[in-house]
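The file structure11.cif comes next; it holds mmCIF, C-alpha atoms.
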```cif
data_protein
loop_
_atom_site.label_atom_id
_atom_site.label_comp_id
_atom_site.auth_asym_id
_atom_site.auth_seq_id
_atom_site.Cartn_x
_atom_site.Cartn_y
_atom_site.Cartn_z
CA MET P 1 21.94 -19.33 -24.15
CA THR P 2 19.35 -17.04 -25.65
CA ASP P 3 17.75 -13.92 -24.31
CA SER P 4 14.67 -14.30 -26.47
CA VAL P 5 11.43 -13.55 -24.68
CA LEU P 6 9.45 -14.94 -27.59
CA PRO P 7 7.84 -18.23 -26.64
CA ALA P 8 7.17 -21.00 -29.11
CA GLY P 9 3.86 -20.46 -30.90
CA PRO P 10 0.60 -22.00 -29.75
CA GLU P 11 -0.44 -25.60 -30.19
CA PRO P 12 -2.72 -25.88 -33.16
CA GLY P 13 -6.33 -26.54 -32.32
CA LEU P 14 -8.55 -24.29 -30.25
CA PRO P 15 -9.28 -20.90 -31.81
CA ALA P 16 -8.74 -17.69 -29.87
CA SER P 17 -11.81 -16.15 -28.28
CA PHE P 18 -13.18 -13.14 -26.39
CA THR P 19 -15.43 -14.19 -23.51
CA ARG P 20 -16.92 -12.57 -20.44
CA GLY P 21 -15.44 -15.39 -18.36
CA GLY P 22 -12.03 -14.42 -19.73
CA VAL P 23 -12.51 -10.79 -18.68
CA TRP P 24 -13.46 -11.91 -15.16
CA HIS P 25 -10.50 -14.32 -14.99
CA GLY P 26 -8.13 -11.55 -16.14
CA MET P 27 -9.54 -9.18 -13.53
CA LYS P 28 -8.97 -11.69 -10.73
CA LEU P 29 -5.38 -12.40 -11.83
CA THR P 30 -4.65 -8.65 -12.00
CA LEU P 31 -5.69 -7.84 -8.43
CA PRO P 32 -2.14 -7.95 -7.00
CA TYR P 33 -0.96 -5.64 -9.83
CA SER P 34 -3.82 -3.22 -9.11
CA VAL P 35 -2.87 -3.04 -5.45
CA SER P 36 0.72 -2.16 -6.34
CA ALA P 37 -0.36 0.29 -9.08
CA LEU P 38 -1.98 2.54 -6.46
CA PRO P 39 1.17 3.72 -4.64
CA PHE P 40 2.94 4.16 -7.98
CA GLY P 41 -0.01 6.21 -9.25
CA LEU P 42 0.11 8.36 -6.11
CA ALA P 43 3.87 8.76 -6.50
CA PHE P 44 3.50 9.67 -10.17
CA GLY P 45 0.83 12.30 -9.47
CA ALA P 46 2.91 13.94 -6.74
CA ALA P 47 6.17 13.73 -8.73
CA ALA P 48 4.46 15.14 -11.83
CA VAL P 49 3.16 18.18 -9.98
CA GLY P 50 6.60 18.57 -8.38
CA ALA P 51 8.09 18.61 -11.90
CA GLY P 52 5.73 21.36 -13.04
CA VAL P 53 2.93 19.33 -14.65
CA SER P 54 -0.50 20.65 -13.64
CA PRO P 55 -2.83 18.15 -11.90
CA GLY P 56 -5.16 18.27 -14.92
CA GLU P 57 -2.29 17.47 -17.27
CA ALA P 58 -1.05 14.66 -15.01
CA VAL P 59 -4.48 12.98 -14.95
CA LEU P 60 -4.89 13.45 -18.70
CA MET P 61 -1.48 11.88 -19.26
CA SER P 62 -2.26 8.87 -17.06
CA ALA P 63 -5.62 8.41 -18.79
CA LEU P 64 -4.35 8.70 -22.38
CA VAL P 65 -0.81 7.35 -22.17
CA PHE P 66 -1.34 4.75 -19.40
CA ALA P 67 2.34 3.76 -19.32
CA GLY P 68 4.05 4.27 -15.96
CA SER P 69 7.71 4.01 -16.99
CA ALA P 70 7.33 6.40 -19.92
CA GLN P 71 5.37 8.86 -17.81
CA PHE P 72 8.00 8.88 -15.06
CA ALA P 73 10.73 9.15 -17.71
CA VAL P 74 9.36 12.32 -19.33
CA LEU P 75 9.10 14.10 -15.97
CA SER P 76 12.86 14.56 -16.01
CA LEU P 77 12.42 16.45 -19.32
CA TRP P 78 9.47 18.55 -18.18
CA ALA P 79 10.87 22.08 -18.13
CA GLY P 80 9.68 25.04 -20.14
CA PRO P 81 9.82 25.52 -23.04
CA LEU P 82 8.66 21.91 -23.25
CA PRO P 83 10.91 19.78 -25.49
CA VAL P 84 7.93 18.07 -27.18
CA LEU P 85 10.05 16.10 -29.65
CA ALA P 86 12.38 14.77 -26.94
CA ILE P 87 9.35 13.86 -24.80
CA VAL P 88 7.68 11.91 -27.61
CA LEU P 89 10.93 10.20 -28.68
CA THR P 90 11.69 9.23 -25.07
CA THR P 91 8.19 7.73 -24.78
CA LEU P 92 8.83 5.78 -27.97
CA LEU P 93 12.14 4.44 -26.62
CA VAL P 94 10.81 3.53 -23.18
CA ASN P 95 7.87 1.69 -24.74
CA ALA P 96 9.83 0.05 -27.55
CA ARG P 97 9.77 -3.18 -25.53
CA HIS P 98 6.02 -3.39 -26.15
CA VAL P 99 6.71 -4.19 -29.82
CA VAL P 100 8.46 -7.38 -28.77
CA MET P 101 5.82 -8.19 -26.18
CA GLY P 102 2.94 -7.73 -28.63
CA ALA P 103 4.75 -9.85 -31.20
CA ALA P 104 5.09 -12.64 -28.62
CA LEU P 105 1.39 -12.57 -27.76
CA GLN P 106 0.01 -12.19 -31.28
CA PRO P 107 0.29 -15.85 -32.45
CA PHE P 108 -1.88 -16.94 -29.52
CA LEU P 109 -4.61 -14.49 -30.44
CA ALA P 110 -4.47 -15.00 -34.20
CA GLY P 111 -7.87 -15.40 -35.85
CA LEU P 112 -9.64 -12.72 -33.83
CA PRO P 113 -10.86 -9.60 -35.65
CA GLN P 114 -7.81 -7.37 -36.10
CA ARG P 115 -9.81 -4.36 -34.92
CA LEU P 116 -10.47 -6.06 -31.57
CA THR P 117 -6.83 -7.12 -31.13
CA LEU P 118 -5.49 -3.67 -32.00
CA ALA P 119 -7.99 -2.03 -29.62
CA MET P 120 -7.03 -4.26 -26.67
CA ALA P 121 -3.32 -3.84 -27.48
CA GLY P 122 -3.74 -0.13 -26.69
CA GLY P 123 -4.10 -0.94 -22.99
CA MET P 124 -1.43 -3.63 -22.74
CA THR P 125 0.81 -2.99 -19.71
CA ASP P 126 3.82 -5.10 -18.71
CA GLY P 127 1.75 -6.84 -16.04
CA GLY P 128 -1.25 -7.30 -18.34
CA TRP P 129 0.96 -8.78 -21.05
CA ALA P 130 2.60 -11.21 -18.63
CA ILE P 131 -0.79 -12.43 -17.38
CA ALA P 132 -2.31 -12.74 -20.86
CA LEU P 133 0.72 -14.59 -22.24
CA GLN P 134 0.97 -16.95 -19.28
CA GLU P 135 -2.71 -17.88 -19.59
CA ALA P 136 -2.45 -18.23 -23.37
CA MET P 137 0.54 -20.58 -23.01
CA ARG P 138 -1.58 -22.67 -20.65
CA GLY P 139 -4.15 -22.97 -23.41
CA ARG P 140 -6.53 -20.19 -22.47
CA ARG P 141 -6.36 -18.13 -25.66
CA ASP P 142 -8.92 -15.51 -24.66
CA ILE P 143 -8.31 -11.81 -25.35
CA GLY P 144 -10.89 -11.15 -22.62
CA ILE P 145 -8.06 -11.81 -20.15
CA LEU P 146 -6.10 -8.87 -21.56
CA CYS P 147 -9.29 -6.81 -21.36
CA GLY P 148 -9.69 -7.78 -17.69
CA THR P 149 -6.15 -6.65 -16.88
CA ILE P 150 -6.94 -3.22 -18.38
CA VAL P 151 -10.24 -2.91 -16.47
CA MET P 152 -8.39 -3.59 -13.21
CA GLN P 153 -5.38 -1.30 -13.79
CA TRP P 154 -6.54 1.77 -15.69
CA PRO P 155 -8.93 3.23 -13.06
CA VAL P 156 -6.38 2.62 -10.28
CA TRP P 157 -3.57 4.30 -12.23
CA VAL P 158 -5.68 7.30 -13.21
CA GLY P 159 -7.31 7.63 -9.76
CA GLY P 160 -3.98 7.26 -7.98
CA THR P 161 -2.48 9.96 -10.22
CA ALA P 162 -5.38 12.32 -9.42
CA ILE P 163 -5.04 11.87 -5.65
CA GLY P 164 -1.24 12.14 -5.78
CA ALA P 165 -1.44 15.26 -7.97
CA LEU P 166 -3.89 16.95 -5.61
CA ILE P 167 -1.65 16.16 -2.64
CA GLY P 168 1.31 17.50 -4.62
CA ALA P 169 -0.64 20.68 -5.47
CA THR P 170 -1.07 21.59 -1.81
CA GLY P 171 2.28 23.30 -2.22
CA MET P 172 4.56 20.71 -0.72
CA ASP P 173 8.26 21.24 -1.30
CA PRO P 174 9.17 18.44 -3.76
CA LYS P 175 12.74 18.23 -2.54
CA ARG P 176 11.83 18.09 1.13
CA TRP P 177 9.53 15.11 0.44
CA ALA P 178 12.20 13.41 -1.65
CA LEU P 179 10.11 13.47 -4.83
CA ASP P 180 13.36 13.85 -6.77
CA LEU P 181 14.28 10.41 -5.47
CA VAL P 182 10.93 8.89 -6.47
CA ILE P 183 11.65 8.98 -10.21
CA ALA P 184 15.21 7.64 -9.90
CA GLY P 185 14.05 5.13 -7.28
CA VAL P 186 11.23 3.73 -9.44
CA PHE P 187 13.68 3.21 -12.29
CA THR P 188 16.31 1.68 -10.05
CA THR P 189 13.82 -0.96 -8.93
CA SER P 190 12.83 -1.58 -12.58
CA VAL P 191 16.46 -1.91 -13.66
CA ILE P 192 17.12 -4.45 -10.92
CA SER P 193 14.02 -6.49 -11.84
CA LEU P 194 14.90 -6.29 -15.55
CA PHE P 195 18.43 -7.63 -15.06
CA ARG P 196 18.77 -10.87 -17.01
CA GLY P 197 22.40 -11.71 -16.32
CA ARG P 198 25.87 -10.92 -17.65
CA GLY P 199 24.63 -10.13 -21.16
CA ASP P 200 23.05 -6.95 -19.82
CA VAL P 201 26.20 -5.58 -18.18
CA LEU P 202 27.95 -4.17 -21.27
CA PRO P 203 24.85 -2.54 -22.84
CA TRP P 204 24.03 -0.93 -19.52
CA LEU P 205 27.59 0.34 -19.02
CA GLY P 206 27.23 1.73 -22.54
CA ALA P 207 24.10 3.57 -21.41
CA VAL P 208 25.92 5.04 -18.40
CA ALA P 209 28.85 6.17 -20.57
CA GLY P 210 26.61 7.68 -23.26
CA THR P 211 24.48 9.47 -20.67
CA LEU P 212 27.48 10.95 -18.86
CA ALA P 213 29.01 12.09 -22.15
CA ALA P 214 25.74 13.78 -23.15
CA LEU P 215 25.34 15.41 -19.72
CA LEU P 216 28.88 16.77 -19.86
CA TRP P 217 29.11 17.89 -23.48
CA LEU P 218 25.63 18.35 -24.91
CA PRO P 219 23.08 21.02 -24.04
CA GLY P 220 19.46 20.14 -23.33
CA ASN P 221 17.95 16.81 -22.46
CA TRP P 222 19.36 14.52 -25.12
CA TYR P 223 20.99 12.28 -22.53
CA VAL P 224 17.97 9.94 -22.35
CA LEU P 225 17.95 9.29 -26.09
CA ILE P 226 21.73 8.95 -26.29
CA GLY P 227 21.94 6.65 -23.26
CA ALA P 228 19.16 4.45 -24.65
CA LEU P 229 20.67 4.26 -28.15
CA CYS P 230 24.09 3.38 -26.68
CA ALA P 231 22.52 0.49 -24.76
CA GLY P 232 20.63 -0.71 -27.84
CA LEU P 233 23.69 -0.51 -30.10
CA VAL P 234 26.01 -2.26 -27.64
CA GLY P 235 23.34 -4.93 -27.23
CA LEU P 236 23.14 -5.27 -31.00
CA LEU P 237 26.91 -5.45 -31.57
CA ARG P 238 27.34 -8.09 -28.91
CA ARG P 239 28.26 -11.48 -30.32
CA ASP P 240 25.26 -13.78 -30.62
CA ASP P 241 25.49 -16.34 -27.83
CA MET M 1 2.98 26.86 -13.32
CA THR M 2 -0.59 28.02 -13.15
CA THR M 3 -2.76 28.25 -10.06
CA ASP M 4 -5.66 26.59 -11.88
CA LEU M 5 -5.53 22.89 -10.95
CA PHE M 6 -7.19 21.68 -14.10
CA ALA M 7 -5.43 23.98 -16.53
CA VAL M 8 -3.97 22.19 -19.53
CA ASP M 9 -1.29 24.09 -21.41
CA PRO M 10 -1.62 23.67 -25.22
CA ILE M 11 2.04 22.64 -25.61
CA ALA M 12 1.70 20.18 -22.72
CA LEU M 13 -1.44 18.83 -24.43
CA ALA M 14 0.53 18.36 -27.65
CA ALA M 15 3.26 16.51 -25.72
CA ILE M 16 0.70 14.28 -23.98
CA LEU M 17 -1.10 13.46 -27.24
CA GLY M 18 2.26 12.72 -28.88
CA MET M 19 3.12 10.40 -25.99
CA ALA M 20 -0.26 8.67 -26.33
CA VAL M 21 0.25 8.07 -30.06
CA ALA M 22 3.85 6.87 -29.55
CA THR M 23 2.75 4.47 -26.81
CA TYR M 24 -0.12 3.13 -28.91
CA LEU M 25 2.19 2.54 -31.88
CA THR M 26 4.55 0.42 -29.74
CA ARG M 27 1.70 -1.54 -28.15
CA ALA M 28 -0.15 -2.26 -31.38
CA GLY M 29 3.06 -2.43 -33.45
CA GLY M 30 4.08 -5.91 -32.37
CA PHE M 31 0.63 -7.35 -33.10
CA TRP M 32 0.53 -5.62 -36.46
CA LEU M 33 4.12 -6.49 -37.47
CA MET M 34 3.70 -10.20 -36.78
CA GLY M 35 1.19 -10.37 -39.61
CA HIS M 36 3.66 -8.72 -42.00
CA VAL M 37 7.33 -9.30 -41.13
CA ALA M 38 9.26 -11.48 -38.72
CA ILE M 39 10.91 -9.82 -35.73
CA SER M 40 14.50 -11.02 -35.72
CA PRO M 41 16.29 -11.88 -32.47
CA ARG M 42 18.68 -8.98 -33.22
CA LEU M 43 15.87 -6.43 -33.46
CA GLU M 44 14.31 -7.90 -30.35
CA ARG M 45 17.60 -7.53 -28.46
CA PHE M 46 18.05 -3.96 -29.69
CA LEU M 47 14.56 -2.98 -28.49
CA ARG M 48 14.94 -4.69 -25.13
CA HIS M 49 18.32 -3.16 -24.36
CA MET M 50 17.13 0.25 -25.46
CA ALA M 51 14.27 0.11 -22.95
CA GLY M 52 16.75 -0.77 -20.19
CA GLY M 53 19.03 2.02 -21.46
CA VAL M 54 16.35 4.66 -20.93
CA LEU M 55 15.96 3.63 -17.31
CA ILE M 56 19.73 3.63 -16.77
CA ALA M 57 20.09 7.04 -18.42
CA ILE M 58 17.55 8.61 -16.08
CA VAL M 59 19.08 7.04 -12.97
CA THR M 60 22.57 8.11 -14.14
CA ALA M 61 21.41 11.70 -14.66
CA ALA M 62 19.72 11.76 -11.23
CA VAL M 63 22.93 10.56 -9.58
CA PHE M 64 24.97 13.06 -11.63
CA ASN M 65 22.75 15.99 -10.61
CA GLY M 66 21.88 14.72 -7.12
CA ASP M 67 23.05 15.54 -3.62
CA GLY M 68 24.19 13.38 -0.68
CA PRO M 69 20.71 12.53 0.69
CA LEU M 70 19.59 11.44 -2.79
CA TRP M 71 22.63 9.17 -3.22
CA ILE M 72 22.05 7.58 0.17
CA GLY M 73 18.31 7.17 -0.52
CA LEU M 74 19.12 5.51 -3.83
CA GLY M 75 21.63 3.27 -2.07
CA ILE M 76 18.88 2.17 0.33
CA VAL M 77 16.58 1.44 -2.64
CA VAL M 78 19.26 -0.78 -4.20
CA LEU M 79 19.99 -2.62 -0.94
CA VAL M 80 16.34 -3.32 -0.09
CA MET M 81 15.58 -4.30 -3.70
CA LEU M 82 18.54 -6.70 -3.87
CA THR M 83 17.69 -8.35 -0.54
CA MET M 84 13.88 -8.39 -0.57
CA ARG M 85 12.89 -7.90 -4.24
CA LYS M 86 9.94 -5.70 -3.23
CA PRO M 87 9.90 -2.50 -5.36
CA ILE M 88 7.39 -0.59 -3.23
CA LEU M 89 9.16 -1.44 0.02
CA ALA M 90 12.51 -0.46 -1.51
CA LEU M 91 11.12 2.86 -2.72
CA ALA M 92 9.44 3.64 0.61
CA ALA M 93 12.63 2.89 2.55
CA GLY M 94 14.76 5.04 0.23
CA VAL M 95 12.30 7.97 0.31
CA ALA M 96 12.12 7.76 4.12
CA GLY M 97 15.93 7.82 4.33
CA THR M 98 16.25 10.86 2.05
CA ILE M 99 13.45 12.78 3.85
CA LEU M 100 15.07 12.06 7.23
CA LEU M 101 18.54 13.19 6.04
CA ARG M 102 17.11 16.43 4.59
CA LEU M 103 15.12 17.07 7.80
CA LEU M 104 18.39 16.74 9.69
CA GLY M 105 19.82 19.40 7.42
CA PHE M 106 22.16 17.38 5.18
#
```

Starting from the file, give its structure as structure tokens.
Amino acid sequence: MTDSVLPAGPEPGLPASFTRGGVWHGMKLTLPYSVSALPFGLAFGAAAVGAGVSPGEAVLMSALVFAGSAQFAVLSLWAGPLPVLAIVLTTLLVNARHVVMGAALQPFLAGLPQRLTLAMAGGMTDGGWAIALQEAMRGRRDIGILCGTIVMQWPVWVGGTAIGALIGATGMDPKRWALDLVIAGVFTTSVISLFRGRGDVLPWLGAVAGTLAALLWLPGNWYVLIGALCAGLVGLLRRDD
Amino acid sequence: MTTDLFAVDPIALAAILGMAVATYLTRAGGFWLMGHVAISPRLERFLRHMAGGVLIAIVTAAVFNGDGPLWIGLGIVVLVMLTMRKPILALAAGVAGTILLRLLGF
């Protein structure tokens, strides 16, 4: 049994490309993801304002960072004076999975100008990666598909954040509207979808233990980093199976 | 918090720019690394479990700091997610449950 997400490399032959048809194809495949990005964008905007982020900052964050999980994650750290280092490190940890995802996709897109690949990588979401990889494994090695996924998700995420933030700024009581549950709830659904079987149980218990220890004995917001490192280390120490 | 909707605090701006750079490094990092070094299965496992660990840490802290309505709402999220596998439905059901309980004064 292996928990590798890295697929075997591509069949030799066709070179990778960047076509308008690929962009269009990627856009069509992304439609279901766009539809579901809207409520999450709304929820993020409202939760961000509830956490003390201004609507302008929330929209700027969605536009520049464009990474839902990381953005939700830092909201739990958003209290003045802002712990900038903890916020950036948490973002790095939440998005660390992208390194593996990019590495899995790269062999299929080899041969394209590196500048183009590195530019498109900047907008690679979990959904966009899954679509691009699936199509590449079927033989359609077209970075236009990744481009199409970005075109279909970015405006929805940013627009949804703006609307949600403006609703949040009307002065709603965040607790009354259960916005404190939104962040935990989004992550609970992610954790359940991420679960890959028994191998995940020990690392995740490690995360719970590390987090509780940090909450009980450490000041500040280091619990995210400590919980994440505990999970990573337990996962690393586990016997290869 | 400021009353100006579009105000951007300089420290918040620094945090957002830092987040943007960190996110870009992870997204481009895998593409870049593949041309230079091999990503071992161990490193891959470390990165994947760490991502899951962040999510768990935040849920754990929310439960730790939460109240009854939040716990019940989260329970609803888990139940709906396990039975129907629909994240948005699960979230909506949990939020509705928590709002209702707080309206009732719990």

(request) Select residues of chain M: the criterion is any atom within 6 Å of an atom of chain P, counting all atoms listed in the file; output as an MDAnalysis selection string. (result) chainID M and resid 5:8 15:16 18:20 22 24 26:31 34 46:51 53:55 57 59 87 91 95 99

(request) Go through P:Ala46, P:Ala16, P:Leu202, P:Leu112 and flag the residue nearest Thr170 of chain P, using all atoms listed in the file for the distances. (result)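 Closest to Thr170 of chain P, using all atoms listed in the file: P:Ala46.
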
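Of the residues under consideration (P:Pro113, P:Gly45, P:Gly127, P:Gly68), P:Pro113 shows the shortest atom-to-atom contact distance to Ser17 of chain P when counting all atoms listed in the file.
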
(message) Excluding Gly26 of chain P and its own-chain neighbours fewer than 4 positions away, which residues fall within 8 Å of it when counting all atoms listed in the file? Please give them as a ChimeraX atom specification.
(response) /P:22,30,131-132,144-149

(request) Could you tell me how far atom CA of Phe18 of chain P lies from atom CA of Gly160 of chain P, in Å and to one decimal? (result)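 Distance reported for this atom pair: 29.0 Å.
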
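What separates atom CA of Ile76 of chain M from atom CA of Val201 of chain P is a distance of 21.4 Å.
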
(request) One decimal, Å: what's the distance from atom CA of Met27 of chain P over to atom CA of Ala130 of chain P, could you say? (result)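 A separation of 13.3 Å between them.
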
(message) Quick check on the file I pasted: which residues fall under the PyMOL selection byres ((chain M and resi 79) around 12)? Write them as a list of chain:residue names.
(response) P:Gly185, P:Thr188, P:Thr189, P:Ile192, M:Ile72, M:Gly73, M:Leu74, M:Gly75, M:Ile76, M:Val77, M:Val78, M:Val80, M:Met81, M:Leu82, M:Thr83, M:Met84, M:Arg85, M:Lys86, M:Pro87, M:Leu89, M:Ala90, M:Leu91, M:Ala93, M:Gly94

Dump of C-alpha atoms for the selected residues, as a short mmCIF file (atom, residue, chain, number, x, y, z; two decimals), in the coordinates of the input:
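What landed in result-v7.cif:
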```
data_model
loop_
_atom_site.label_atom_id
_atom_site.label_comp_id
_atom_site.auth_asym_id
_atom_site.auth_seq_id
_atom_site.Cartn_x
_atom_site.Cartn_y
_atom_site.Cartn_z
CA GLY P 185 14.05 5.13 -7.28
CA THR P 188 16.31 1.68 -10.05
CA THR P 189 13.82 -0.96 -8.93
CA ILE P 192 17.12 -4.45 -10.92
CA ILE M 72 22.05 7.58 0.17
CA GLY M 73 18.31 7.17 -0.52
CA LEU M 74 19.12 5.51 -3.83
CA GLY M 75 21.63 3.27 -2.07
CA ILE M 76 18.88 2.17 0.33
CA VAL M 77 16.58 1.44 -2.64
CA VAL M 78 19.26 -0.78 -4.20
CA VAL M 80 16.34 -3.32 -0.09
CA MET M 81 15.58 -4.30 -3.70
CA LEU M 82 18.54 -6.70 -3.87
CA THR M 83 17.69 -8.35 -0.54
CA MET M 84 13.88 -8.39 -0.57
CA ARG M 85 12.89 -7.90 -4.24
CA LYS M 86 9.94 -5.70 -3.23
CA PRO M 87 9.90 -2.50 -5.36
CA LEU M 89 9.16 -1.44 0.02
CA ALA M 90 12.51 -0.46 -1.51
CA LEU M 91 11.12 2.86 -2.72
CA ALA M 93 12.63 2.89 2.55
CA GLY M 94 14.76 5.04 0.23
#
```

(message) I need the output of the PyMOL selection byres ((chain M and resi 68) around 12) for this file as a list in words; which residues are they?
(response)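 Applied to this file, the PyMOL selection byres ((chain M and resi 68) around 12) selects Leu181 of chain P; Ala62, Val63, Phe64, Asn65, Gly66, Asp67, Pro69, Leu70, Trp71, Ile72, Gly73, Leu74, Gly75, Gly97, Thr98, Ile99, Leu101, Arg102, Gly105 and Phe106 of chain M.
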
(request) Using all atoms listed in the file, find the one residue out of M:Arg42, M:Ala14, M:Val21, M:Ile88 that sits nearest to Tyr33 of chain P. (result)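 With all atoms listed in the file as the atom set, the closest residue is M:Ile88.
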
(message) Ranking P:Ala47, P:Ala79, P:Val35, P:Trp222 by minimum distance to Asp173 of chain P and counting all atoms listed in the file, which one comes first?
(response)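 The closest residue to Asp173 of chain P is P:Ala47.
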
Start from the incomplete input, build N, CA and C atoms for segment 6-27 of chain M, and deliver everything as an mmCIF file, in the frame of the given file.
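Result written to result-v2.cif:
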```
data_model
loop_
_atom_site.group_PDB
_atom_site.id
_atom_site.type_symbol
_atom_site.label_atom_id
_atom_site.label_comp_id
_atom_site.auth_asym_id
_atom_site.auth_seq_id
_atom_site.Cartn_x
_atom_site.Cartn_y
_atom_site.Cartn_z
ATOM 1 N N PHE M 6 -6.831 22.504 -12.941
ATOM 2 C CA PHE M 6 -7.190 21.680 -14.100
ATOM 3 C C PHE M 6 -6.755 22.303 -15.416
ATOM 4 N N ALA M 7 -5.927 23.340 -15.319
ATOM 5 C CA ALA M 7 -5.430 23.980 -16.530
ATOM 6 C C ALA M 7 -4.612 22.986 -17.339
ATOM 7 N N VAL M 8 -4.794 23.009 -18.658
ATOM 8 C CA VAL M 8 -3.970 22.190 -19.530
ATOM 9 C C VAL M 8 -3.354 23.112 -20.569
ATOM 10 N N ASP M 9 -2.030 23.250 -20.490
ATOM 11 C CA ASP M 9 -1.290 24.090 -21.410
ATOM 12 C C ASP M 9 -1.310 23.457 -22.804
ATOM 13 N N PRO M 10 -1.522 24.273 -23.872
ATOM 14 C CA PRO M 10 -1.620 23.670 -25.220
ATOM 15 C C PRO M 10 -0.362 22.897 -25.613
ATOM 16 N N ILE M 11 0.822 23.367 -25.231
ATOM 17 C CA ILE M 11 2.040 22.640 -25.610
ATOM 18 C C ILE M 11 2.130 21.335 -24.811
ATOM 19 N N ALA M 12 1.722 21.410 -23.532
ATOM 20 C CA ALA M 12 1.700 20.180 -22.720
ATOM 21 C C ALA M 12 0.708 19.190 -23.330
ATOM 22 N N LEU M 13 -0.444 19.698 -23.801
ATOM 23 C CA LEU M 13 -1.440 18.830 -24.430
ATOM 24 C C LEU M 13 -0.845 18.150 -25.659
ATOM 25 N N ALA M 14 -0.104 18.928 -26.462
ATOM 26 C CA ALA M 14 0.530 18.360 -27.650
ATOM 27 C C ALA M 14 1.504 17.258 -27.246
ATOM 28 N N ALA M 15 2.285 17.513 -26.183
ATOM 29 C CA ALA M 15 3.260 16.510 -25.720
ATOM 30 C C ALA M 15 2.538 15.251 -25.259
ATOM 31 N N ILE M 16 1.440 15.433 -24.515
ATOM 32 C CA ILE M 16 0.700 14.280 -23.980
ATOM 33 C C ILE M 16 0.079 13.476 -25.123
ATOM 34 N N LEU M 17 -0.507 14.173 -26.107
ATOM 35 C CA LEU M 17 -1.100 13.460 -27.240
ATOM 36 C C LEU M 17 -0.016 12.721 -28.030
ATOM 37 N N GLY M 18 1.141 13.372 -28.195
ATOM 38 C CA GLY M 18 2.260 12.720 -28.880
ATOM 39 C C GLY M 18 2.700 11.463 -28.137
ATOM 40 N N MET M 19 2.750 11.565 -26.806
ATOM 41 C CA MET M 19 3.120 10.400 -25.990
ATOM 42 C C MET M 19 2.099 9.279 -26.162
ATOM 43 N N ALA M 20 0.793 9.671 -26.201
ATOM 44 C CA ALA M 20 -0.260 8.670 -26.330
ATOM 45 C C ALA M 20 -0.134 7.931 -27.666
ATOM 46 N N VAL M 21 0.119 8.690 -28.741
ATOM 47 C CA VAL M 21 0.250 8.070 -30.060
ATOM 48 C C VAL M 21 1.486 7.161 -30.093
ATOM 49 N N ALA M 22 2.614 7.668 -29.559
ATOM 50 C CA ALA M 22 3.850 6.870 -29.550
ATOM 51 C C ALA M 22 3.643 5.575 -28.776
ATOM 52 N N THR M 23 2.979 5.673 -27.621
ATOM 53 C CA THR M 23 2.750 4.470 -26.810
ATOM 54 C C THR M 23 1.843 3.489 -27.554
ATOM 55 N N TYR M 24 0.794 4.023 -28.184
ATOM 56 C CA TYR M 24 -0.120 3.130 -28.910
ATOM 57 C C TYR M 24 0.618 2.414 -30.048
ATOM 58 N N LEU M 25 1.476 3.161 -30.761
ATOM 59 C CA LEU M 25 2.190 2.540 -31.880
ATOM 60 C C LEU M 25 3.059 1.373 -31.394
ATOM 61 N N THR M 26 3.705 1.528 -30.215
ATOM 62 C CA THR M 26 4.550 0.420 -29.740
ATOM 63 C C THR M 26 3.677 -0.744 -29.282
ATOM 64 N N ARG M 27 2.535 -0.457 -28.673
ATOM 65 C CA ARG M 27 1.700 -1.540 -28.150
ATOM 66 C C ARG M 27 1.009 -2.315 -29.268
#
```
